[in-house]
>>> print(open('query-v4.pdb').read())   # PDB, C-alpha atoms
MODEL        1
ATOM      1  CA  MET A   1    -100.823  15.214  -3.466
ATOM      2  CA  LEU A   2     -98.414  14.621  -6.331
ATOM      3  CA  GLN A   3     -96.194  12.214  -4.441
ATOM      4  CA  VAL A   4     -94.261  11.333  -7.576
ATOM      5  CA  PHE A   5     -93.080  14.901  -8.034
ATOM      6  CA  GLY A   6     -92.042  15.961  -4.973
ATOM      7  CA  VAL A   7     -81.538  26.572  -9.749
ATOM      8  CA  ALA A   8     -78.478  26.079  -9.448
ATOM      9  CA  GLY A   9     -77.827  29.430 -11.196
ATOM     10  CA  TYR A  10     -74.125  29.220 -10.558
ATOM     11  CA  SER A  11     -71.303  29.468 -13.041
ATOM     12  CA  PHE A  12     -68.687  26.710 -13.037
ATOM     13  CA  MET A  13     -66.252  28.922 -11.148
ATOM     14  CA  ARG A  14     -68.755  29.697  -8.399
ATOM     15  CA  ARG A  15     -69.978  26.114  -8.095
ATOM     16  CA  LEU A  16     -66.585  24.463  -7.819
ATOM     17  CA  PRO A  17     -65.669  25.275  -4.218
ATOM     18  CA  LYS A  18     -69.205  24.739  -2.943
ATOM     19  CA  TYR A  19     -70.043  21.459  -4.619
ATOM     20  CA  TYR A  20     -66.722  19.814  -5.375
ATOM     21  CA  GLY A  21     -65.060  20.801  -2.141
ATOM     22  CA  ARG A  22     -67.806  19.883   0.335
ATOM     23  CA  TYR A  23     -69.437  16.707  -0.924
ATOM     24  CA  PHE A  24     -68.282  14.381   1.776
ATOM     25  CA  LEU A  25     -67.520  16.345   4.904
ATOM     26  CA  CYS A  26     -68.851  13.300   6.774
ATOM     27  CA  SER A  27     -66.216  11.119   5.106
ATOM     28  CA  LYS A  28     -62.561  12.161   5.138
ATOM     29  CA  GLN A  29     -61.741   9.551   2.539
ATOM     30  CA  MET A  30     -64.356  10.705   0.042
ATOM     31  CA  HIS A  31     -63.648  14.362   0.741
ATOM     32  CA  ALA A  32     -60.050  13.718  -0.312
ATOM     33  CA  LEU A  33     -61.176  11.755  -3.355
ATOM     34  CA  THR A  34     -63.405  14.611  -4.450
ATOM     35  CA  ILE A  35     -60.645  17.195  -4.280
ATOM     36  CA  VAL A  36     -58.078  14.957  -5.995
ATOM     37  CA  GLY A  37     -60.542  13.723  -8.578
ATOM     38  CA  HIS A  38     -61.450  17.182  -9.858
ATOM     39  CA  ILE A  39     -58.286  19.201  -9.365
ATOM     40  CA  THR A  40     -57.145  18.315 -12.896
ATOM     41  CA  ALA A  41     -60.488  19.345 -14.360
ATOM     42  CA  PHE A  42     -60.265  22.657 -12.518
ATOM     43  CA  ARG A  43     -56.708  23.257 -13.765
ATOM     44  CA  ASP A  44     -57.675  22.409 -17.336
ATOM     45  CA  TYR A  45     -60.683  24.713 -17.134
ATOM     46  CA  LEU A  46     -58.469  27.628 -16.115
ATOM     47  CA  PHE A  47     -55.398  27.060 -18.272
ATOM     48  CA  GLY A  48     -56.461  24.723 -21.058
ATOM     49  CA  THR A  49     -54.934  21.384 -21.960
ATOM     50  CA  LYS A  50     -52.186  20.311 -24.292
ATOM     51  CA  LYS A  51     -53.499  19.054 -27.607
ATOM     52  CA  ALA A  52     -53.180  15.292 -27.617
ATOM     53  CA  SER A  53     -51.730  13.294 -30.471
ATOM     54  CA  LYS A  54     -53.764  10.626 -32.278
ATOM     55  CA  ASN A  55     -51.955   7.898 -30.375
ATOM     56  CA  GLU A  56     -52.616   9.631 -27.059
ATOM     57  CA  ASN A  57     -56.291  10.062 -27.943
ATOM     58  CA  GLY A  58     -56.597   6.398 -28.819
ATOM     59  CA  SER A  59     -54.902   5.344 -25.608
ATOM     60  CA  GLN A  60     -57.140   7.636 -23.543
ATOM     61  CA  LEU A  61     -60.301   6.307 -25.191
ATOM     62  CA  GLU A  62     -59.211   2.757 -24.492
ATOM     63  CA  LYS A  63     -58.528   3.642 -20.865
ATOM     64  CA  THR A  64     -61.903   5.390 -20.540
ATOM     65  CA  ASP A  65     -63.782   2.405 -21.970
ATOM     66  CA  LYS A  66     -62.028   0.088 -19.528
ATOM     67  CA  VAL A  67     -62.749   2.358 -16.570
ATOM     68  CA  ILE A  68     -66.410   2.662 -17.571
ATOM     69  CA  ALA A  69     -66.774  -1.122 -17.712
ATOM     70  CA  GLU A  70     -65.169  -1.503 -14.279
ATOM     71  CA  ALA A  71     -67.244   1.338 -12.812
ATOM     72  CA  ASP A  72     -70.454  -0.257 -14.111
ATOM     73  CA  LEU A  73     -69.601  -3.480 -12.296
ATOM     74  CA  LEU A  74     -68.860  -1.589  -9.086
ATOM     75  CA  TYR A  75     -72.171   0.237  -9.401
ATOM     76  CA  LEU A  76     -74.102  -3.017  -9.825
ATOM     77  CA  GLU A  77     -72.367  -4.333  -6.700
ATOM     78  CA  GLY A  78     -73.488  -1.258  -4.770
ATOM     79  CA  LYS A  79     -69.922   0.039  -4.389
ATOM     80  CA  TYR A  80     -70.825   3.623  -5.200
ATOM     81  CA  TYR A  81     -67.857   5.362  -3.568
ATOM     82  CA  GLU A  82     -65.417   3.113  -5.414
ATOM     83  CA  ALA A  83     -67.235   3.690  -8.708
ATOM     84  CA  TYR A  84     -67.140   7.435  -8.125
ATOM     85  CA  GLN A  85     -63.418   7.366  -7.402
ATOM     86  CA  LEU A  86     -62.724   5.284 -10.504
ATOM     87  CA  LEU A  87     -64.785   7.487 -12.828
ATOM     88  CA  ASN A  88     -62.934  10.541 -11.567
ATOM     89  CA  THR A  89     -59.716   9.126 -13.021
ATOM     90  CA  VAL A  90     -61.162   9.702 -16.513
ATOM     91  CA  PHE A  91     -63.290  12.756 -15.693
ATOM     92  CA  ASP A  92     -63.968  14.663 -18.907
ATOM     93  CA  ARG A  93     -66.634  17.325 -19.365
ATOM     94  CA  LEU A  94     -66.804  16.396 -23.061
ATOM     95  CA  ASN A  95     -67.540  12.710 -22.497
ATOM     96  CA  SER A  96     -71.274  12.181 -21.996
ATOM     97  CA  SER A  97     -70.783   8.510 -21.077
ATOM     98  CA  VAL A  98     -68.614   9.501 -18.121
ATOM     99  CA  LEU A  99     -70.820  12.436 -17.124
ATOM    100  CA  TRP A 100     -74.094  10.534 -16.827
ATOM    101  CA  ARG A 101     -72.401   7.721 -14.934
ATOM    102  CA  ILE A 102     -70.986  10.150 -12.383
ATOM    103  CA  SER A 103     -74.490  11.607 -12.083
ATOM    104  CA  ARG A 104     -75.897   8.144 -11.431
ATOM    105  CA  VAL A 105     -73.292   7.393  -8.766
ATOM    106  CA  LEU A 106     -73.812  10.741  -7.025
ATOM    107  CA  PHE A 107     -77.562  10.084  -6.922
ATOM    108  CA  SER A 108     -76.970   6.713  -5.286
ATOM    109  CA  ILE A 109     -74.532   8.185  -2.770
ATOM    110  CA  ALA A 110     -77.090  10.897  -1.960
ATOM    111  CA  SER A 111     -79.518   8.136  -0.947
ATOM    112  CA  ASN A 112     -77.299   7.468   2.075
ATOM    113  CA  GLU A 113     -79.437   8.517   5.036
ATOM    114  CA  THR A 114     -76.357   9.248   7.165
ATOM    115  CA  LEU A 115     -75.597  12.311   5.035
ATOM    116  CA  SER A 116     -77.008  15.640   6.119
ATOM    117  CA  TYR A 117     -79.818  17.397   4.277
ATOM    118  CA  GLY A 118     -77.364  19.913   2.840
ATOM    119  CA  GLU A 119     -74.899  17.263   1.681
ATOM    120  CA  ARG A 120     -77.619  15.278  -0.087
ATOM    121  CA  LYS A 121     -78.897  18.446  -1.720
ATOM    122  CA  HIS A 122     -75.444  19.403  -3.016
ATOM    123  CA  LEU A 123     -74.949  15.904  -4.424
ATOM    124  CA  ILE A 124     -78.297  15.918  -6.210
ATOM    125  CA  PHE A 125     -77.818  19.389  -7.656
ATOM    126  CA  GLU A 126     -74.364  18.566  -8.971
ATOM    127  CA  ALA A 127     -75.564  15.237 -10.353
ATOM    128  CA  TYR A 128     -78.341  17.019 -12.236
ATOM    129  CA  HIS A 129     -75.928  19.641 -13.553
ATOM    130  CA  LEU A 130     -73.572  16.965 -14.895
ATOM    131  CA  ALA A 131     -76.497  15.139 -16.510
ATOM    132  CA  LYS A 132     -77.487  18.387 -18.240
ATOM    133  CA  GLU A 133     -73.927  18.722 -19.507
ATOM    134  CA  ALA A 134     -74.155  15.172 -20.834
ATOM    135  CA  GLU A 135     -77.354  16.086 -22.678
ATOM    136  CA  GLU A 136     -75.526  18.956 -24.377
ATOM    137  CA  LYS A 137     -72.958  16.488 -25.716
ATOM    138  CA  THR A 138     -75.370  13.861 -27.072
ATOM    139  CA  LYS A 139     -79.019  13.474 -28.035
ATOM    140  CA  THR A 140     -78.884   9.744 -28.704
ATOM    141  CA  ASN A 141     -78.196   8.174 -25.304
ATOM    142  CA  PHE A 142     -81.365   7.112 -23.506
ATOM    143  CA  GLU A 143     -79.477   6.793 -20.201
ATOM    144  CA  VAL A 144     -78.833  10.537 -20.226
ATOM    145  CA  TYR A 145     -82.544  11.339 -20.520
ATOM    146  CA  LYS A 146     -83.530   8.664 -18.016
ATOM    147  CA  TRP A 147     -81.195  10.077 -15.405
ATOM    148  CA  LEU A 148     -82.212  13.628 -16.200
ATOM    149  CA  ALA A 149     -85.791  12.642 -15.340
ATOM    150  CA  ILE A 150     -84.756  10.878 -12.142
ATOM    151  CA  LEU A 151     -82.463  13.696 -11.054
ATOM    152  CA  LEU A 152     -84.929  16.446 -11.911
ATOM    153  CA  LYS A 153     -87.464  14.715  -9.668
ATOM    154  CA  ALA A 154     -84.842  14.470  -6.916
ATOM    155  CA  LYS A 155     -83.764  18.088  -7.437
ATOM    156  CA  ILE A 156     -87.245  19.582  -7.202
ATOM    157  CA  ASP A 157     -87.841  17.705  -3.964
ATOM    158  CA  TYR A 158     -85.757  20.554  -2.533
ATOM    159  CA  ALA A 159     -87.753  23.221  -4.369
ATOM    160  CA  THR A 160     -90.959  25.123  -3.691
ATOM    161  CA  THR A 161     -94.363  23.660  -4.505
ATOM    162  CA  HIS A 162     -94.603  25.996  -7.483
ATOM    163  CA  GLU A 163     -91.295  24.727  -8.877
ATOM    164  CA  LYS A 164     -92.429  21.130  -8.387
ATOM    165  CA  LEU A 165     -95.641  21.750 -10.293
ATOM    166  CA  LYS A 166     -93.909  23.622 -13.123
ATOM    167  CA  ASN A 167     -91.521  20.744 -13.705
ATOM    168  CA  ILE A 168     -94.111  17.961 -13.975
ATOM    169  CA  PRO A 169     -94.179  18.226 -17.815
ATOM    170  CA  ASN A 170     -90.363  18.341 -17.966
ATOM    171  CA  ILE A 171     -90.061  15.042 -16.130
ATOM    172  CA  LYS A 172     -92.337  13.402 -18.674
ATOM    173  CA  ARG A 173     -90.481  15.082 -21.544
ATOM    174  CA  TYR A 174     -87.200  13.505 -20.450
ATOM    175  CA  LEU A 175     -88.858  10.122 -19.932
ATOM    176  CA  MET A 176     -90.463  10.193 -23.379
ATOM    177  CA  ALA A 177     -87.112  11.113 -24.945
ATOM    178  CA  ALA A 178     -85.563   8.111 -23.196
ATOM    179  CA  LEU A 179     -88.445   5.861 -24.260
ATOM    180  CA  GLU A 180     -88.055   6.904 -27.884
ATOM    181  CA  LEU A 181     -84.431   5.763 -27.764
ATOM    182  CA  ASN A 182     -85.117   2.573 -25.804
ATOM    183  CA  SER A 183     -88.707   1.350 -25.574
ATOM    184  CA  ARG A 184     -87.807  -1.650 -23.402
ATOM    185  CA  ASP A 185     -86.092   0.004 -20.452
ATOM    186  CA  ILE A 186     -87.840  -1.159 -17.285
ATOM    187  CA  THR A 187     -87.066   1.952 -15.237
ATOM    188  CA  VAL A 188     -88.368   4.364 -17.868
ATOM    189  CA  LEU A 189     -91.562   2.356 -18.348
ATOM    190  CA  TYR A 190     -92.166   2.199 -14.608
ATOM    191  CA  LEU A 191     -91.593   5.929 -14.093
ATOM    192  CA  LEU A 192     -93.954   6.779 -16.943
ATOM    193  CA  GLY A 193     -96.593   4.474 -15.500
ATOM    194  CA  HIS A 194     -96.180   6.087 -12.097
ATOM    195  CA  TRP A 195     -96.338   9.571 -13.660
ATOM    196  CA  HIS A 196     -99.704   8.797 -15.271
ATOM    197  CA  TYR A 197    -101.092   7.009 -12.222
ATOM    198  CA  GLU A 198    -100.321   9.800  -9.756
ATOM    199  CA  LEU A 199    -101.670  12.562 -11.977
ATOM    200  CA  ALA A 200    -104.755  10.566 -12.953
ATOM    201  CA  SER A 201    -105.462  10.115  -9.232
ATOM    202  CA  LEU A 202    -106.019  13.853  -8.807
ATOM    203  CA  THR A 203    -109.616  14.996  -8.695
ATOM    204  CA  TRP A 204    -111.027  17.748 -10.869
ATOM    205  CA  PHE A 205    -111.249  19.966  -7.781
ATOM    206  CA  GLN A 206    -107.600  19.388  -6.849
ATOM    207  CA  LYS A 207    -106.492  20.348 -10.353
ATOM    208  CA  LYS A 208    -108.554  23.521 -10.199
ATOM    209  CA  LEU A 209    -106.999  24.443  -6.856
ATOM    210  CA  VAL A 210    -103.516  23.983  -8.316
ATOM    211  CA  THR A 211    -104.377  26.249 -11.237
ATOM    212  CA  PHE A 212    -105.970  28.855  -8.970
ATOM    213  CA  PHE A 213    -103.175  29.059  -6.388
ATOM    214  CA  TYR A 214    -100.119  28.359  -8.552
ATOM    215  CA  SER A 215    -101.199  29.315 -12.095
ATOM    216  CA  VAL A 216    -100.096  25.886 -13.311
ATOM    217  CA  ILE A 217    -102.168  23.576 -15.478
ATOM    218  CA  ILE A 218    -101.770  19.912 -14.552
ATOM    219  CA  PRO A 219    -100.996  17.803 -17.664
ATOM    220  CA  GLU A 220    -103.535  15.250 -18.845
ATOM    221  CA  ALA A 221    -102.972  11.695 -17.635
ATOM    222  CA  ASN A 222    -105.105   8.584 -17.340
ATOM    223  CA  PHE A 223    -105.119   5.177 -15.687
ATOM    224  CA  GLN A 224    -105.284   3.338 -19.005
ATOM    225  CA  GLU A 225    -101.857   4.625 -20.029
ATOM    226  CA  ALA A 226    -100.501   3.839 -16.575
ATOM    227  CA  TYR A 227    -101.804   0.289 -16.976
ATOM    228  CA  GLU A 228    -100.159  -0.069 -20.394
ATOM    229  CA  TYR A 229     -96.731   0.942 -19.094
ATOM    230  CA  PHE A 230     -96.919  -1.360 -16.074
ATOM    231  CA  PHE A 231     -98.301  -4.200 -18.185
ATOM    232  CA  LYS A 232     -95.478  -3.859 -20.709
ATOM    233  CA  ILE A 233     -92.973  -4.366 -17.897
ATOM    234  CA  GLU A 234     -94.873  -7.465 -16.826
ATOM    235  CA  THR A 235     -94.712  -8.864 -20.361
ATOM    236  CA  LEU A 236     -91.000  -8.079 -20.677
ATOM    237  CA  LYS A 237     -90.068  -9.443 -17.240
ATOM    238  CA  PRO A 238     -92.929 -11.202 -15.426
ATOM    239  CA  ASN A 239     -92.924 -10.605 -11.663
ATOM    240  CA  TYR A 240     -89.639  -8.723 -12.069
ATOM    241  CA  PHE A 241     -90.212  -6.535  -9.040
ATOM    242  CA  VAL A 242     -93.041  -6.369  -6.585
ATOM    243  CA  THR A 243     -93.725  -2.641  -6.873
ATOM    244  CA  ASN A 244     -94.572  -2.921 -10.564
ATOM    245  CA  THR A 245     -96.938  -5.851 -10.014
ATOM    246  CA  TRP A 246     -98.618  -3.875  -7.240
ATOM    247  CA  MET A 247     -99.019  -0.774  -9.432
ATOM    248  CA  LEU A 248    -100.302  -2.959 -12.270
ATOM    249  CA  ALA A 249    -102.931  -4.447  -9.960
ATOM    250  CA  LYS A 250    -104.009  -0.991  -8.810
ATOM    251  CA  SER A 251    -104.178   0.261 -12.405
ATOM    252  CA  CYS A 252    -106.371  -2.713 -13.372
ATOM    253  CA  TYR A 253    -108.667  -1.817 -10.497
ATOM    254  CA  ARG A 254    -108.830   1.815 -11.617
ATOM    255  CA  ILE A 255    -109.884   0.878 -15.158
ATOM    256  CA  GLN A 256    -112.494  -1.489 -13.662
ATOM    257  CA  ASN A 257    -110.800  -4.660 -14.807
ATOM    258  CA  TYR A 258    -111.444  -6.305 -11.450
ATOM    259  CA  GLU A 259    -110.713  -9.887 -12.431
ATOM    260  CA  GLU A 260    -107.240  -8.997 -13.693
ATOM    261  CA  ALA A 261    -106.704  -6.733 -10.690
ATOM    262  CA  ASN A 262    -107.399  -9.594  -8.269
ATOM    263  CA  TYR A 263    -105.079 -11.839 -10.271
ATOM    264  CA  TYR A 264    -102.150  -9.446  -9.821
ATOM    265  CA  PHE A 265    -103.067  -8.659  -6.217
ATOM    266  CA  ASP A 266    -102.792 -12.381  -5.472
ATOM    267  CA  ILE A 267     -99.388 -12.559  -7.193
ATOM    268  CA  VAL A 268     -98.140  -9.679  -5.054
ATOM    269  CA  ASP A 269     -99.175 -11.579  -1.947
ATOM    270  CA  VAL A 270     -96.678 -14.382  -2.669
ATOM    271  CA  LEU A 271     -93.782 -12.407  -4.157
ATOM    272  CA  SER A 272     -90.616 -11.881  -2.141
ATOM    273  CA  TYR A 273     -88.511  -8.726  -1.972
ATOM    274  CA  ARG A 274     -84.867  -8.429  -3.057
ATOM    275  CA  THR A 275     -83.864  -4.956  -1.899
ATOM    276  CA  THR A 276     -84.426  -2.679   1.089
ATOM    277  CA  PHE A 277     -86.631  -0.481  -1.088
ATOM    278  CA  GLU A 278     -88.804  -3.439  -2.068
ATOM    279  CA  ARG A 279     -89.000  -4.518   1.578
ATOM    280  CA  ARG A 280     -90.382  -1.100   2.529
ATOM    281  CA  CYS A 281     -92.828  -1.314  -0.356
ATOM    282  CA  MET A 282     -93.881  -4.808   0.702
ATOM    283  CA  ASN A 283     -94.596  -3.605   4.233
ATOM    284  CA  LYS A 284     -96.833  -0.886   2.847
ATOM    285  CA  ILE A 285     -98.479  -3.282   0.417
ATOM    286  CA  LYS A 286     -99.263  -5.801   3.157
ATOM    287  CA  LYS A 287    -101.052  -3.089   5.128
ATOM    288  CA  ASN A 288    -103.226  -2.224   2.134
ATOM    289  CA  TYR A 289    -103.634  -5.716   0.733
ATOM    290  CA  LYS A 290    -106.715  -6.861   2.597
ATOM    291  CA  ASN A 291    -108.884  -3.996   1.392
ATOM    292  CA  ARG A 292    -107.148  -3.717  -2.007
ATOM    293  CA  ALA A 293    -106.365  -0.067  -1.286
ATOM    294  CA  VAL A 294    -105.697   2.028  -4.382
TER
ENDMDL
END
>>> encode(input="query-v4.pdb", output="structure tokens")
Amino acid sequence: MLQVFGVAGYSFMRRLPKYYGRYFLCSKQMHALTIVGHITAFRDYLFGTKKASKNENGSQLEKTDKVIAEADLLYLEGKYYEAYQLLNTVFDRLNSSVLWRISRVLFSIASNETLSYGERKHLIFEAYHLAKEAEEKTKTNFEVYKWLAILLKAKIDYATTHEKLKNIPNIKRYLMAALELNSRDITVLYLLGHWHYELASLTWFQKKLVTFFYSVIIPEANFQEAYEYFFKIETLKPNYFVTNTWMLAKSCYRIQNYEEANYYFDIVDVLSYRTTFERRCMNKIKKNYKNRAV
């Protein structure tokens, strides 16, 4: 139940040794990068920094912009450790563009299955904390809200069932904030569609049980809205990725548009995967394809 939704109440001083010092115990190289990358931030936090001149500020901004561009390319190439190391050279708790990018990289590194449960948890918690700091600095960057939603979902995967249920509305709140700033972002649209689909799949009895045992009211959701989000992705980028076409087909089926559902089911049957994630999804889809499982 609620597959889509699976506190770090520490001050900065208490979090620093735990999170910054133990990220990559499985990797000597990255452990060293973590310590070196944040030692300046720690020093500045304790003692303050020298006020920079206008020329120095301009030079630093230019350097930061260049580093961000290079880090984005590394991220797209899947070179997450290198991107993390590069972003640390311009680490600044006041720069939301740097903060959310570090959060994104930490999330991707945490997806490494060779890391221990505790290491992945520390990465996710710190990534979420940095994304929250980015939100405090800006309210106009949709990437910040998108990654807050993604990281909150990842963070509560380590929480109790009650915490998961309580945060369902917060995930949507972040996604809607991102959508308001960018209505064409594929990831945001897909996550919103998935949010509606999973909640709409709950029966009346299941919702009542949640309320009875956890004192949490499940938000309203419906298959029609799920369909609209998935369909918008299909209009923006037809057959862009197999998981969206599959969810679109299932949503069509749920709203009793069987002809359209069969049309998209047939498309899924001939699509190819591009990533390991899509390959896993395709394997699951193939198992359910014959009976059009929803």
>>> residues_around(input="query-v4.pdb", residues="stretch 178-183 of chain A", least_positions_apart="5", cutoff="10 Å", atoms="all atoms listed in the file", output="VMD selection string")
chain A and resid 139 to 149 172 to 173 188 to 189 192 232
>>> residues_around(input="query-v4.pdb", residues="A:Arg120", least_positions_apart="3", cutoff="6 Å", atoms="all atoms listed in the file", output="list of chain:residue names")
A:Ala110, A:Tyr117, A:Leu123
>>> resolve_selection(input="query-v4.pdb", expression="the PyMOL selection byres ((chain A and resi 102) around 8)", output="PDB file with C-alpha atoms, in the frame of the given file")
ATOM      1  CA  TYR A  84     -67.140   7.435  -8.125  1.00  0.00           C
ATOM      2  CA  LEU A  87     -64.785   7.487 -12.828  1.00  0.00           C
ATOM      3  CA  VAL A  98     -68.614   9.501 -18.121  1.00  0.00           C
ATOM      4  CA  LEU A  99     -70.820  12.436 -17.124  1.00  0.00           C
ATOM      5  CA  TRP A 100     -74.094  10.534 -16.827  1.00  0.00           C
ATOM      6  CA  ARG A 101     -72.401   7.721 -14.934  1.00  0.00           C
ATOM      7  CA  SER A 103     -74.490  11.607 -12.083  1.00  0.00           C
ATOM      8  CA  ARG A 104     -75.897   8.144 -11.431  1.00  0.00           C
ATOM      9  CA  VAL A 105     -73.292   7.393  -8.766  1.00  0.00           C
ATOM     10  CA  LEU A 106     -73.812  10.741  -7.025  1.00  0.00           C
ATOM     11  CA  ALA A 127     -75.564  15.237 -10.353  1.00  0.00           C
ATOM     12  CA  LEU A 130     -73.572  16.965 -14.895  1.00  0.00           C
TER      13      LEU A 130
END
>>> closest_residue(input="query-v4.pdb", among="A:Cys252, A:Leu61, A:Leu86, A:Ile171", to="A:Lys155", atoms="all atoms listed in the file")
A:Ile171
>>> resolve_selection(input="query-v4.pdb", expression="the PyMOL selection byres ((chain A and resi 278) around 12)", output="MDAnalysis selection string")
chainID A and resid 240:246 268 271:277 279:286
